[in-house]
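**Student:** Sharing upload_12.pdb, PDB, C-alpha atoms and all ligand atoms:
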ATOM      1  CA  MET A   1     104.437  62.165 162.815  1.00  0.00           C
ATOM      2  CA  ASP A   2     105.264  59.969 159.809  1.00  0.00           C
ATOM      3  CA  ALA A   3     101.937  58.245 159.082  1.00  0.00           C
ATOM      4  CA  HIS A   4     103.323  55.686 156.634  1.00  0.00           C
ATOM      5  CA  THR A   5     106.902  54.623 156.147  1.00  0.00           C
ATOM      6  CA  HIS A   6     108.842  51.635 154.855  1.00  0.00           C
ATOM      7  CA  ARG A   7     112.220  53.176 155.836  1.00  0.00           C
ATOM      8  CA  ALA A   8     114.305  51.179 158.257  1.00  0.00           C
ATOM      9  CA  GLU A   9     115.374  54.331 160.135  1.00  0.00           C
ATOM     10  CA  GLY A  10     113.518  57.523 160.889  1.00  0.00           C
ATOM     11  CA  HIS A  11     112.354  59.911 163.557  1.00  0.00           C
ATOM     12  CA  HIS A  12     109.585  58.847 165.913  1.00  0.00           C
ATOM     13  CA  PRO A  13     106.672  58.905 166.282  1.00  0.00           C
ATOM     14  CA  ARG A  14     106.003  57.058 163.067  1.00  0.00           C
ATOM     15  CA  ALA A  15     103.978  54.158 161.683  1.00  0.00           C
ATOM     16  CA  TYR A  16     106.314  51.598 160.183  1.00  0.00           C
ATOM     17  CA  VAL A  17     104.515  49.480 157.574  1.00  0.00           C
ATOM     18  CA  LEU A  18     105.838  45.932 157.479  1.00  0.00           C
ATOM     19  CA  ALA A  19     106.944  44.477 154.150  1.00  0.00           C
ATOM     20  CA  ALA A  20     105.565  41.061 153.168  1.00  0.00           C
ATOM     21  CA  THR A  21     108.888  39.491 154.178  1.00  0.00           C
ATOM     22  CA  GLU A  22     108.694  41.008 157.682  1.00  0.00           C
ATOM     23  CA  LEU A  23     105.393  39.474 158.745  1.00  0.00           C
ATOM     24  CA  MET A  24     107.098  36.633 160.602  1.00  0.00           C
ATOM     25  CA  ALA A  25     109.436  38.913 162.538  1.00  0.00           C
ATOM     26  CA  PRO A  26     108.328  42.478 163.187  1.00  0.00           C
ATOM     27  CA  PRO A  27     111.063  44.823 164.423  1.00  0.00           C
ATOM     28  CA  ASP A  28     111.384  45.342 168.187  1.00  0.00           C
ATOM     29  CA  HIS A  29     110.718  48.735 169.716  1.00  0.00           C
ATOM     30  CA  GLU A  30     108.858  49.977 166.686  1.00  0.00           C
ATOM     31  CA  LYS A  31     105.167  50.722 166.289  1.00  0.00           C
ATOM     32  CA  PHE A  32     104.021  49.020 163.119  1.00  0.00           C
ATOM     33  CA  CYS A  33     101.132  48.345 160.771  1.00  0.00           C
ATOM     34  CA  ALA A  34     100.665  44.964 159.120  1.00  0.00           C
ATOM     35  CA  GLY A  35      98.633  43.712 156.206  1.00  0.00           C
ATOM     36  CA  ILE A  36      98.675  42.305 152.689  1.00  0.00           C
ATOM     37  CA  HIS A  37      99.459  44.955 150.094  1.00  0.00           C
ATOM     38  CA  PRO A  38      97.360  44.674 146.914  1.00  0.00           C
ATOM     39  CA  TRP A  39     100.632  44.295 144.969  1.00  0.00           C
ATOM     40  CA  HIS A  40     101.359  41.136 146.980  1.00  0.00           C
ATOM     41  CA  ILE A  41      97.855  39.725 146.880  1.00  0.00           C
ATOM     42  CA  SER A  42      99.249  36.235 146.250  1.00  0.00           C
ATOM     43  CA  GLY A  43      99.882  36.211 150.023  1.00  0.00           C
ATOM     44  CA  TYR A  44      96.117  36.105 150.578  1.00  0.00           C
ATOM     45  CA  PRO A  45      94.737  34.020 152.204  1.00  0.00           C
ATOM     46  CA  ALA A  46      97.880  32.039 153.197  1.00  0.00           C
ATOM     47  CA  GLN A  47      99.286  34.860 155.371  1.00  0.00           C
ATOM     48  CA  LYS A  48      96.113  35.362 157.384  1.00  0.00           C
ATOM     49  CA  PRO A  49      97.289  33.319 160.410  1.00  0.00           C
ATOM     50  CA  ASP A  50     100.612  35.260 160.609  1.00  0.00           C
ATOM     51  CA  LEU A  51      98.750  38.532 160.355  1.00  0.00           C
ATOM     52  CA  PHE A  52      96.202  37.525 162.930  1.00  0.00           C
ATOM     53  CA  LYS A  53      99.045  36.990 165.397  1.00  0.00           C
ATOM     54  CA  LEU A  54     100.555  40.375 164.543  1.00  0.00           C
ATOM     55  CA  PHE A  55      97.282  42.266 164.979  1.00  0.00           C
ATOM     56  CA  SER A  56      97.234  41.452 168.683  1.00  0.00           C
ATOM     57  CA  HIS A  57     100.923  42.431 169.124  1.00  0.00           C
ATOM     58  CA  ARG A  58     101.310  45.346 171.528  1.00  0.00           C
ATOM     59  CA  ASN A  59     103.246  47.380 168.937  1.00  0.00           C
ATOM     60  CA  CYS A  60     100.671  46.957 166.184  1.00  0.00           C
ATOM     61  CA  ILE A  61      98.923  50.305 165.696  1.00  0.00           C
ATOM     62  CA  GLY A  62      97.188  49.780 162.353  1.00  0.00           C
ATOM     63  CA  ILE A  63      95.781  47.170 159.982  1.00  0.00           C
ATOM     64  CA  GLY A  64      97.212  47.383 156.466  1.00  0.00           C
ATOM     65  CA  GLU A  65      98.280  48.478 154.158  1.00  0.00           C
ATOM     66  CA  THR A  66      95.467  46.841 152.294  1.00  0.00           C
ATOM     67  CA  GLY A  67      93.431  48.320 149.487  1.00  0.00           C
ATOM     68  CA  LEU A  68      92.625  48.236 145.812  1.00  0.00           C
ATOM     69  CA  ASP A  69      94.911  48.863 142.875  1.00  0.00           C
ATOM     70  CA  ARG A  70      93.377  48.574 139.431  1.00  0.00           C
ATOM     71  CA  LEU A  71      96.821  48.652 137.822  1.00  0.00           C
ATOM     72  CA  TYR A  72      97.431  45.241 139.378  1.00  0.00           C
ATOM     73  CA  PRO A  73      95.609  41.942 138.692  1.00  0.00           C
ATOM     74  CA  HIS A  74      93.142  39.910 140.762  1.00  0.00           C
ATOM     75  CA  LEU A  75      90.745  42.688 141.713  1.00  0.00           C
ATOM     76  CA  ALA A  76      88.172  40.256 143.131  1.00  0.00           C
ATOM     77  CA  LEU A  77      90.809  38.817 145.462  1.00  0.00           C
ATOM     78  CA  GLN A  78      91.964  42.329 146.393  1.00  0.00           C
ATOM     79  CA  VAL A  79      88.380  43.124 147.419  1.00  0.00           C
ATOM     80  CA  GLU A  80      88.123  39.920 149.455  1.00  0.00           C
ATOM     81  CA  SER A  81      91.405  40.723 151.210  1.00  0.00           C
ATOM     82  CA  LEU A  82      90.310  44.306 151.864  1.00  0.00           C
ATOM     83  CA  MET A  83      87.049  43.108 153.439  1.00  0.00           C
ATOM     84  CA  TRP A  84      88.977  40.718 155.690  1.00  0.00           C
ATOM     85  CA  HIS A  85      91.319  43.530 156.813  1.00  0.00           C
ATOM     86  CA  TRP A  86      88.281  45.771 157.352  1.00  0.00           C
ATOM     87  CA  ASP A  87      86.740  43.119 159.637  1.00  0.00           C
ATOM     88  CA  LYS A  88      90.005  42.739 161.580  1.00  0.00           C
ATOM     89  CA  ALA A  89      90.416  46.513 161.971  1.00  0.00           C
ATOM     90  CA  GLU A  90      87.047  46.533 163.713  1.00  0.00           C
ATOM     91  CA  ASP A  91      87.675  43.369 165.749  1.00  0.00           C
ATOM     92  CA  PHE A  92      90.999  44.787 167.002  1.00  0.00           C
ATOM     93  CA  GLU A  93      89.737  48.410 167.107  1.00  0.00           C
ATOM     94  CA  LYS A  94      92.618  49.751 165.033  1.00  0.00           C
ATOM     95  CA  PRO A  95      92.749  52.085 162.054  1.00  0.00           C
ATOM     96  CA  LEU A  96      92.636  50.654 158.544  1.00  0.00           C
ATOM     97  CA  ILE A  97      95.450  51.758 156.211  1.00  0.00           C
ATOM     98  CA  LEU A  98      94.396  51.986 152.574  1.00  0.00           C
ATOM     99  CA  HIS A  99      96.294  52.029 149.319  1.00  0.00           C
ATOM    100  CA  LEU A 100      93.972  53.049 146.487  1.00  0.00           C
ATOM    101  CA  VAL A 101      94.879  53.410 142.839  1.00  0.00           C
ATOM    102  CA  LYS A 102      92.213  54.111 140.228  1.00  0.00           C
ATOM    103  CA  SER A 103      89.624  52.637 142.538  1.00  0.00           C
ATOM    104  CA  SER A 104      87.909  55.524 144.309  1.00  0.00           C
ATOM    105  CA  SER A 105      84.539  54.510 142.853  1.00  0.00           C
ATOM    106  CA  ASP A 106      85.099  50.962 144.136  1.00  0.00           C
ATOM    107  CA  ILE A 107      85.763  52.149 147.676  1.00  0.00           C
ATOM    108  CA  LEU A 108      82.784  54.514 147.591  1.00  0.00           C
ATOM    109  CA  ALA A 109      80.553  51.640 146.494  1.00  0.00           C
ATOM    110  CA  LEU A 110      81.809  49.490 149.390  1.00  0.00           C
ATOM    111  CA  LEU A 111      81.298  52.299 151.909  1.00  0.00           C
ATOM    112  CA  LYS A 112      77.743  52.787 150.689  1.00  0.00           C
ATOM    113  CA  LYS A 113      77.022  49.165 151.555  1.00  0.00           C
ATOM    114  CA  ARG A 114      78.790  48.992 154.894  1.00  0.00           C
ATOM    115  CA  LYS A 115      79.533  51.519 157.616  1.00  0.00           C
ATOM    116  CA  ALA A 116      83.168  51.766 158.766  1.00  0.00           C
ATOM    117  CA  ARG A 117      83.681  51.854 162.525  1.00  0.00           C
ATOM    118  CA  THR A 118      87.364  52.677 162.994  1.00  0.00           C
ATOM    119  CA  HIS A 119      89.553  55.405 161.561  1.00  0.00           C
ATOM    120  CA  TRP A 120      90.569  54.979 157.944  1.00  0.00           C
ATOM    121  CA  ILE A 121      93.860  56.337 156.670  1.00  0.00           C
ATOM    122  CA  PHE A 122      94.089  56.862 152.933  1.00  0.00           C
ATOM    123  CA  HIS A 123      97.804  56.681 152.364  1.00  0.00           C
ATOM    124  CA  ASP A 124      99.694  58.505 149.567  1.00  0.00           C
ATOM    125  CA  PHE A 125      96.427  60.195 148.720  1.00  0.00           C
ATOM    126  CA  GLN A 126      96.430  61.560 145.194  1.00  0.00           C
ATOM    127  CA  GLY A 127      92.810  62.448 144.632  1.00  0.00           C
ATOM    128  CA  PRO A 128      90.750  63.063 142.663  1.00  0.00           C
ATOM    129  CA  ALA A 129      89.869  66.068 144.810  1.00  0.00           C
ATOM    130  CA  ASP A 130      86.081  65.628 144.693  1.00  0.00           C
ATOM    131  CA  VAL A 131      86.451  62.173 146.250  1.00  0.00           C
ATOM    132  CA  VAL A 132      87.485  63.664 149.607  1.00  0.00           C
ATOM    133  CA  LYS A 133      84.020  65.061 150.308  1.00  0.00           C
ATOM    134  CA  ARG A 134      82.314  61.929 149.051  1.00  0.00           C
ATOM    135  CA  ILE A 135      84.410  59.699 151.288  1.00  0.00           C
ATOM    136  CA  LEU A 136      83.930  61.959 154.306  1.00  0.00           C
ATOM    137  CA  LYS A 137      80.173  61.920 153.820  1.00  0.00           C
ATOM    138  CA  LEU A 138      80.192  58.118 154.094  1.00  0.00           C
ATOM    139  CA  HIS A 139      82.979  57.871 156.654  1.00  0.00           C
ATOM    140  CA  PRO A 140      83.744  61.110 158.540  1.00  0.00           C
ATOM    141  CA  GLN A 141      86.601  59.444 160.493  1.00  0.00           C
ATOM    142  CA  SER A 142      88.838  59.280 157.412  1.00  0.00           C
ATOM    143  CA  PHE A 143      92.342  60.718 157.340  1.00  0.00           C
ATOM    144  CA  PHE A 144      94.270  61.531 154.173  1.00  0.00           C
ATOM    145  CA  SER A 145      98.016  61.117 154.154  1.00  0.00           C
ATOM    146  CA  PHE A 146     100.245  62.935 151.677  1.00  0.00           C
ATOM    147  CA  GLY A 147     103.695  61.855 150.599  1.00  0.00           C
ATOM    148  CA  PRO A 148     106.391  63.404 148.424  1.00  0.00           C
ATOM    149  CA  ARG A 149     104.757  62.135 145.205  1.00  0.00           C
ATOM    150  CA  GLY A 150     101.426  63.755 145.944  1.00  0.00           C
ATOM    151  CA  LEU A 151     102.896  66.963 147.363  1.00  0.00           C
ATOM    152  CA  ALA A 152     105.110  67.463 144.307  1.00  0.00           C
ATOM    153  CA  ARG A 153     102.105  67.552 141.985  1.00  0.00           C
ATOM    154  CA  SER A 154     101.121  70.916 140.535  1.00  0.00           C
ATOM    155  CA  ASP A 155      97.601  70.658 141.991  1.00  0.00           C
ATOM    156  CA  SER A 156      98.769  69.341 145.367  1.00  0.00           C
ATOM    157  CA  ARG A 157      97.806  72.532 147.202  1.00  0.00           C
ATOM    158  CA  HIS A 158      94.284  72.255 145.875  1.00  0.00           C
ATOM    159  CA  LEU A 159      94.053  68.603 146.924  1.00  0.00           C
ATOM    160  CA  TRP A 160      95.551  69.310 150.386  1.00  0.00           C
ATOM    161  CA  GLU A 161      93.010  72.078 150.911  1.00  0.00           C
ATOM    162  CA  GLN A 162      90.094  69.787 150.114  1.00  0.00           C
ATOM    163  CA  VAL A 163      90.958  67.846 153.271  1.00  0.00           C
ATOM    164  CA  PRO A 164      89.836  69.401 156.586  1.00  0.00           C
ATOM    165  CA  ALA A 165      92.964  70.483 158.526  1.00  0.00           C
ATOM    166  CA  HIS A 166      92.416  68.015 161.388  1.00  0.00           C
ATOM    167  CA  LEU A 167      92.328  65.059 158.940  1.00  0.00           C
ATOM    168  CA  ARG A 168      95.618  65.738 157.123  1.00  0.00           C
ATOM    169  CA  LEU A 169      98.662  63.530 157.626  1.00  0.00           C
ATOM    170  CA  ILE A 170     102.118  63.370 156.059  1.00  0.00           C
ATOM    171  CA  GLU A 171     104.290  60.384 155.235  1.00  0.00           C
ATOM    172  CA  THR A 172     107.617  59.351 153.723  1.00  0.00           C
ATOM    173  CA  ASP A 173     106.380  55.987 152.332  1.00  0.00           C
ATOM    174  CA  ASP A 174     109.182  54.410 150.263  1.00  0.00           C
ATOM    175  CA  SER A 175     110.721  57.743 149.183  1.00  0.00           C
ATOM    176  CA  GLY A 176     113.890  57.592 151.270  1.00  0.00           C
ATOM    177  CA  LEU A 177     113.293  61.211 152.369  1.00  0.00           C
ATOM    178  CA  GLU A 178     113.214  62.330 155.993  1.00  0.00           C
ATOM    179  CA  ILE A 179     109.792  63.302 157.324  1.00  0.00           C
ATOM    180  CA  GLU A 180     111.125  66.837 157.921  1.00  0.00           C
ATOM    181  CA  ALA A 181     111.515  67.242 154.155  1.00  0.00           C
ATOM    182  CA  VAL A 182     107.919  66.150 153.587  1.00  0.00           C
ATOM    183  CA  LEU A 183     106.746  68.486 156.352  1.00  0.00           C
ATOM    184  CA  LYS A 184     108.435  71.359 154.549  1.00  0.00           C
ATOM    185  CA  MET A 185     106.742  70.437 151.269  1.00  0.00           C
ATOM    186  CA  SER A 186     103.354  70.345 152.997  1.00  0.00           C
ATOM    187  CA  GLN A 187     103.889  73.756 154.676  1.00  0.00           C
ATOM    188  CA  ALA A 188     101.994  72.390 157.682  1.00  0.00           C
ATOM    189  CA  SER A 189     103.054  73.031 161.253  1.00  0.00           C
ATOM    190  CA  PRO A 190     104.861  70.228 163.113  1.00  0.00           C
ATOM    191  CA  GLU A 191     102.444  70.612 166.045  1.00  0.00           C
ATOM    192  CA  GLU A 192      99.428  70.107 163.823  1.00  0.00           C
ATOM    193  CA  MET A 193     100.893  67.088 162.018  1.00  0.00           C
ATOM    194  CA  SER A 194     101.942  65.510 165.300  1.00  0.00           C
ATOM    195  CA  LYS A 195      98.486  66.049 166.810  1.00  0.00           C
ATOM    196  CA  ASN A 196      96.749  64.566 163.754  1.00  0.00           C
ATOM    197  CA  PHE A 197      99.114  61.577 163.782  1.00  0.00           C
ATOM    198  CA  HIS A 198      98.264  60.795 167.401  1.00  0.00           C
ATOM    199  CA  THR A 199      94.540  61.202 166.777  1.00  0.00           C
ATOM    200  CA  ALA A 200      94.539  59.034 163.638  1.00  0.00           C
ATOM    201  CA  PHE A 201      96.302  56.150 165.408  1.00  0.00           C
ATOM    202  CA  SER A 202      94.562  56.772 168.762  1.00  0.00           C
ATOM    203  CA  LEU A 203      97.935  57.052 170.551  1.00  0.00           C
TER     204      LEU A 203
HETATM  205 ZN    ZN B   1     103.260  51.685 151.652  1.00  0.00          ZN
END
Please lay out the structure from this file as structure tokens.
**Tutor:**
Amino acid sequence: MDAHTHRAEGHHPRAYVLAATELMAPPDHEKFCAGIHPWHISGYPAQKPDLFKLFSHRNCIGIGETGLDRLYPHLALQVESLMWHWDKAEDFEKPLILHLVKSSSDILALLKKRKARTHWIFHDFQGPADVVKRILKLHPQSFFSFGPRGLARSDSRHLWEQVPAHLRLIETDDSGLEIEAVLKMSQASPEEMSKNFHTAFSL
């Protein structure tokens, strides 16, 4: 039920997100997501052919993580890369995994211009809380994944409760924690988190 992890080991089911160095050789027997992280935007567009191959791999369950991070440079290129991943998510009918930092107004502006047709998974979601409703109005098939960073915040309960129960996910990301520890922090039931995981990734 781990919706986003970079850990080499962990309990299944989980969505392992490939690092930039793993795009040439995804792990065997592991469901994975592949994309160009906004922190590694220098890989765009050169890595497109490698990614294209990965997207049709039988173990590929999601496109990304892609996204926008205003704390990192080359925003215009980040947007171009995001739009390419968005196209591929729809071509391959897979969910789009998004990393967003200080760019909720950017993503809302993009969603106002173009309708999304596959599930979107906002990973390590940290608000702001009012954005949840605004995103869901434009794209009701959006899931919001919470990791240890977000769940440790003092207002995390408030943020968690802004998200409809069937759209909540949990993740370990790069924390090194087990998903069970994150589940405990979230106070969600394992059945619910497992069900949401399967729905989000259409498994
Ligand atoms: Zn990640």
**Student:** Please, which residues in chain A fall within 7 Å of ligand ZN 1 (chain B) when counting all atoms listed in the file, and what is the closest atom pair and distance in Å to one decimal for each, ordered by chain then residue number, as a Markdown table?
**Tutor:**
| residue | atom | partner | partner_atom | distance |
| --- | --- | --- | --- | --- |
| A:His4 | CA | B:ZN1 | ZN | 6.4 |
| A:Thr5 | CA | B:ZN1 | ZN | 6.5 |
| A:His6 | CA | B:ZN1 | ZN | 6.4 |
| A:Val17 | CA | B:ZN1 | ZN | 6.4 |
| A:Glu65 | CA | B:ZN1 | ZN | 6.4 |
| A:Asp173 | CA | B:ZN1 | ZN | 5.4 |
| A:Asp174 | CA | B:ZN1 | ZN | 6.7 |
**Student:** How far is it from atom CA of A:Ser156 to atom CA of A:Glu171, in Å with one decimal?
**Tutor:**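 Spanning atom CA of A:Ser156 to atom CA of A:Glu171 is a straight-line distance of 14.4 Å.
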**Student:** I'd like to see the residues matched by the PyMOL selection byres (((chain A and resi 143) around 10) and not hetatm) on this file, and ideally I'd get them as a tab-separated table (two decimals) with C-alpha atoms, in the coordinates of the input.
**Tutor:**
chain	number	residue	atom	x	y	z
A	95	PRO	CA	92.75	52.08	162.05
A	97	ILE	CA	95.45	51.76	156.21
A	119	HIS	CA	89.55	55.40	161.56
A	120	TRP	CA	90.57	54.98	157.94
A	121	ILE	CA	93.86	56.34	156.67
A	122	PHE	CA	94.09	56.86	152.93
A	123	HIS	CA	97.80	56.68	152.36
A	125	PHE	CA	96.43	60.20	148.72
A	132	VAL	CA	87.48	63.66	149.61
A	136	LEU	CA	83.93	61.96	154.31
A	139	HIS	CA	82.98	57.87	156.65
A	140	PRO	CA	83.74	61.11	158.54
A	141	GLN	CA	86.60	59.44	160.49
A	142	SER	CA	88.84	59.28	157.41
A	144	PHE	CA	94.27	61.53	154.17
A	145	SER	CA	98.02	61.12	154.15
A	146	PHE	CA	100.24	62.94	151.68
A	163	VAL	CA	90.96	67.85	153.27
A	164	PRO	CA	89.84	69.40	156.59
A	165	ALA	CA	92.96	70.48	158.53
A	166	HIS	CA	92.42	68.02	161.39
A	167	LEU	CA	92.33	65.06	158.94
A	168	ARG	CA	95.62	65.74	157.12
A	169	LEU	CA	98.66	63.53	157.63
A	196	ASN	CA	96.75	64.57	163.75
A	197	PHE	CA	99.11	61.58	163.78
A	199	THR	CA	94.54	61.20	166.78
A	200	ALA	CA	94.54	59.03	163.64
**Student:** Which neighbours of A:His37 fall inside 12 Å, counting all atoms listed in the file, when residues of the same chain fewer than 5 positions from it are skipped, and could you give them as a list in words?
**Tutor:**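 Using all atoms listed in the file, the neighbours found are Val17, Leu18, Ala19, Ala20, Thr21, Leu23, Ser42, Gly43, Tyr44, Gln47, Ile63, Gly64, Glu65, Thr66, Gly67, Leu68, Asp69, Tyr72, Leu77, Gln78, Val79, Ser81, Leu82, His85, Ile97, Leu98, His99 and Leu100 of chain A.
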**Student:** Using all atoms listed in the file, pick whichever of A:Arg14, A:Arg117, A:Lys31, A:Arg70 has the shortest atom-to-atom distance to A:Met1.
**Tutor:**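 Counting all atoms listed in the file, the residue closest to A:Met1 is A:Arg14.
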**Student:** Work out how far apart atom CA of A:Met185 and atom CA of A:Arg157 are and give it in Å to one decimal.
**Tutor:**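 Pair atom CA of A:Met185 / atom CA of A:Arg157 returns 10.0 Å.
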**Student:** Name the residues in contact with A:Phe52 at a cut-off of 12 Å, using all atoms listed in the file, excluding same-chain residues fewer than 6 positions from it; report them as a PDB file with C-alpha atoms, in the frame of the given file.
**Tutor:**
ATOM      1  CA  LEU A  23     105.393  39.474 158.745  1.00  0.00           C
ATOM      2  CA  MET A  24     107.098  36.633 160.602  1.00  0.00           C
ATOM      3  CA  ALA A  34     100.665  44.964 159.120  1.00  0.00           C
ATOM      4  CA  GLY A  35      98.633  43.712 156.206  1.00  0.00           C
ATOM      5  CA  ILE A  36      98.675  42.305 152.689  1.00  0.00           C
ATOM      6  CA  PRO A  45      94.737  34.020 152.204  1.00  0.00           C
ATOM      7  CA  ALA A  46      97.880  32.039 153.197  1.00  0.00           C
ATOM      8  CA  CYS A  60     100.671  46.957 166.184  1.00  0.00           C
ATOM      9  CA  ILE A  63      95.781  47.170 159.982  1.00  0.00           C
ATOM     10  CA  GLY A  64      97.212  47.383 156.466  1.00  0.00           C
ATOM     11  CA  TRP A  84      88.977  40.718 155.690  1.00  0.00           C
ATOM     12  CA  HIS A  85      91.319  43.530 156.813  1.00  0.00           C
ATOM     13  CA  ASP A  87      86.740  43.119 159.637  1.00  0.00           C
ATOM     14  CA  LYS A  88      90.005  42.739 161.580  1.00  0.00           C
ATOM     15  CA  ALA A  89      90.416  46.513 161.971  1.00  0.00           C
ATOM     16  CA  ASP A  91      87.675  43.369 165.749  1.00  0.00           C
ATOM     17  CA  PHE A  92      90.999  44.787 167.002  1.00  0.00           C
TER      18      PHE A  92
END
**Student:** So what does the PyMOL selection byres (((chain A and resi 177) around 12) and not hetatm) actually pick up in this one, as a list of chain:residue names?
**Tutor:** A:Asp2, A:Thr5, A:His6, A:Arg7, A:Ala8, A:Glu9, A:Gly10, A:His11, A:Gly147, A:Pro148, A:Arg149, A:Ile170, A:Glu171, A:Thr172, A:Asp173, A:Asp174, A:Ser175, A:Gly176, A:Glu178, A:Ile179, A:Glu180, A:Ala181, A:Val182, A:Leu183, A:Lys184, A:Met185
**Student:** Using all atoms listed in the file, pick whichever of A:Trp160, A:Phe201, A:Phe32, A:Phe55 has the shortest atom-to-atom distance to A:Ser186.
**Tutor:**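 Closest to A:Ser186, using all atoms listed in the file: A:Trp160.
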**Student:** For atom CA of A:Ser202 and atom CA of A:His12, quote the distance in Å rounded to one decimal.
**Tutor:**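 Separation of atom CA of A:Ser202 and atom CA of A:His12: 15.4 Å.
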**Student:** Would you mind telling me which residue in A:His29, A:Pro190, A:Glu22, A:His74 lies nearest to A:Asp50 when using all atoms listed in the file?
**Tutor:**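 Of the candidates, the smallest distance to A:Asp50 is held by A:Glu22.
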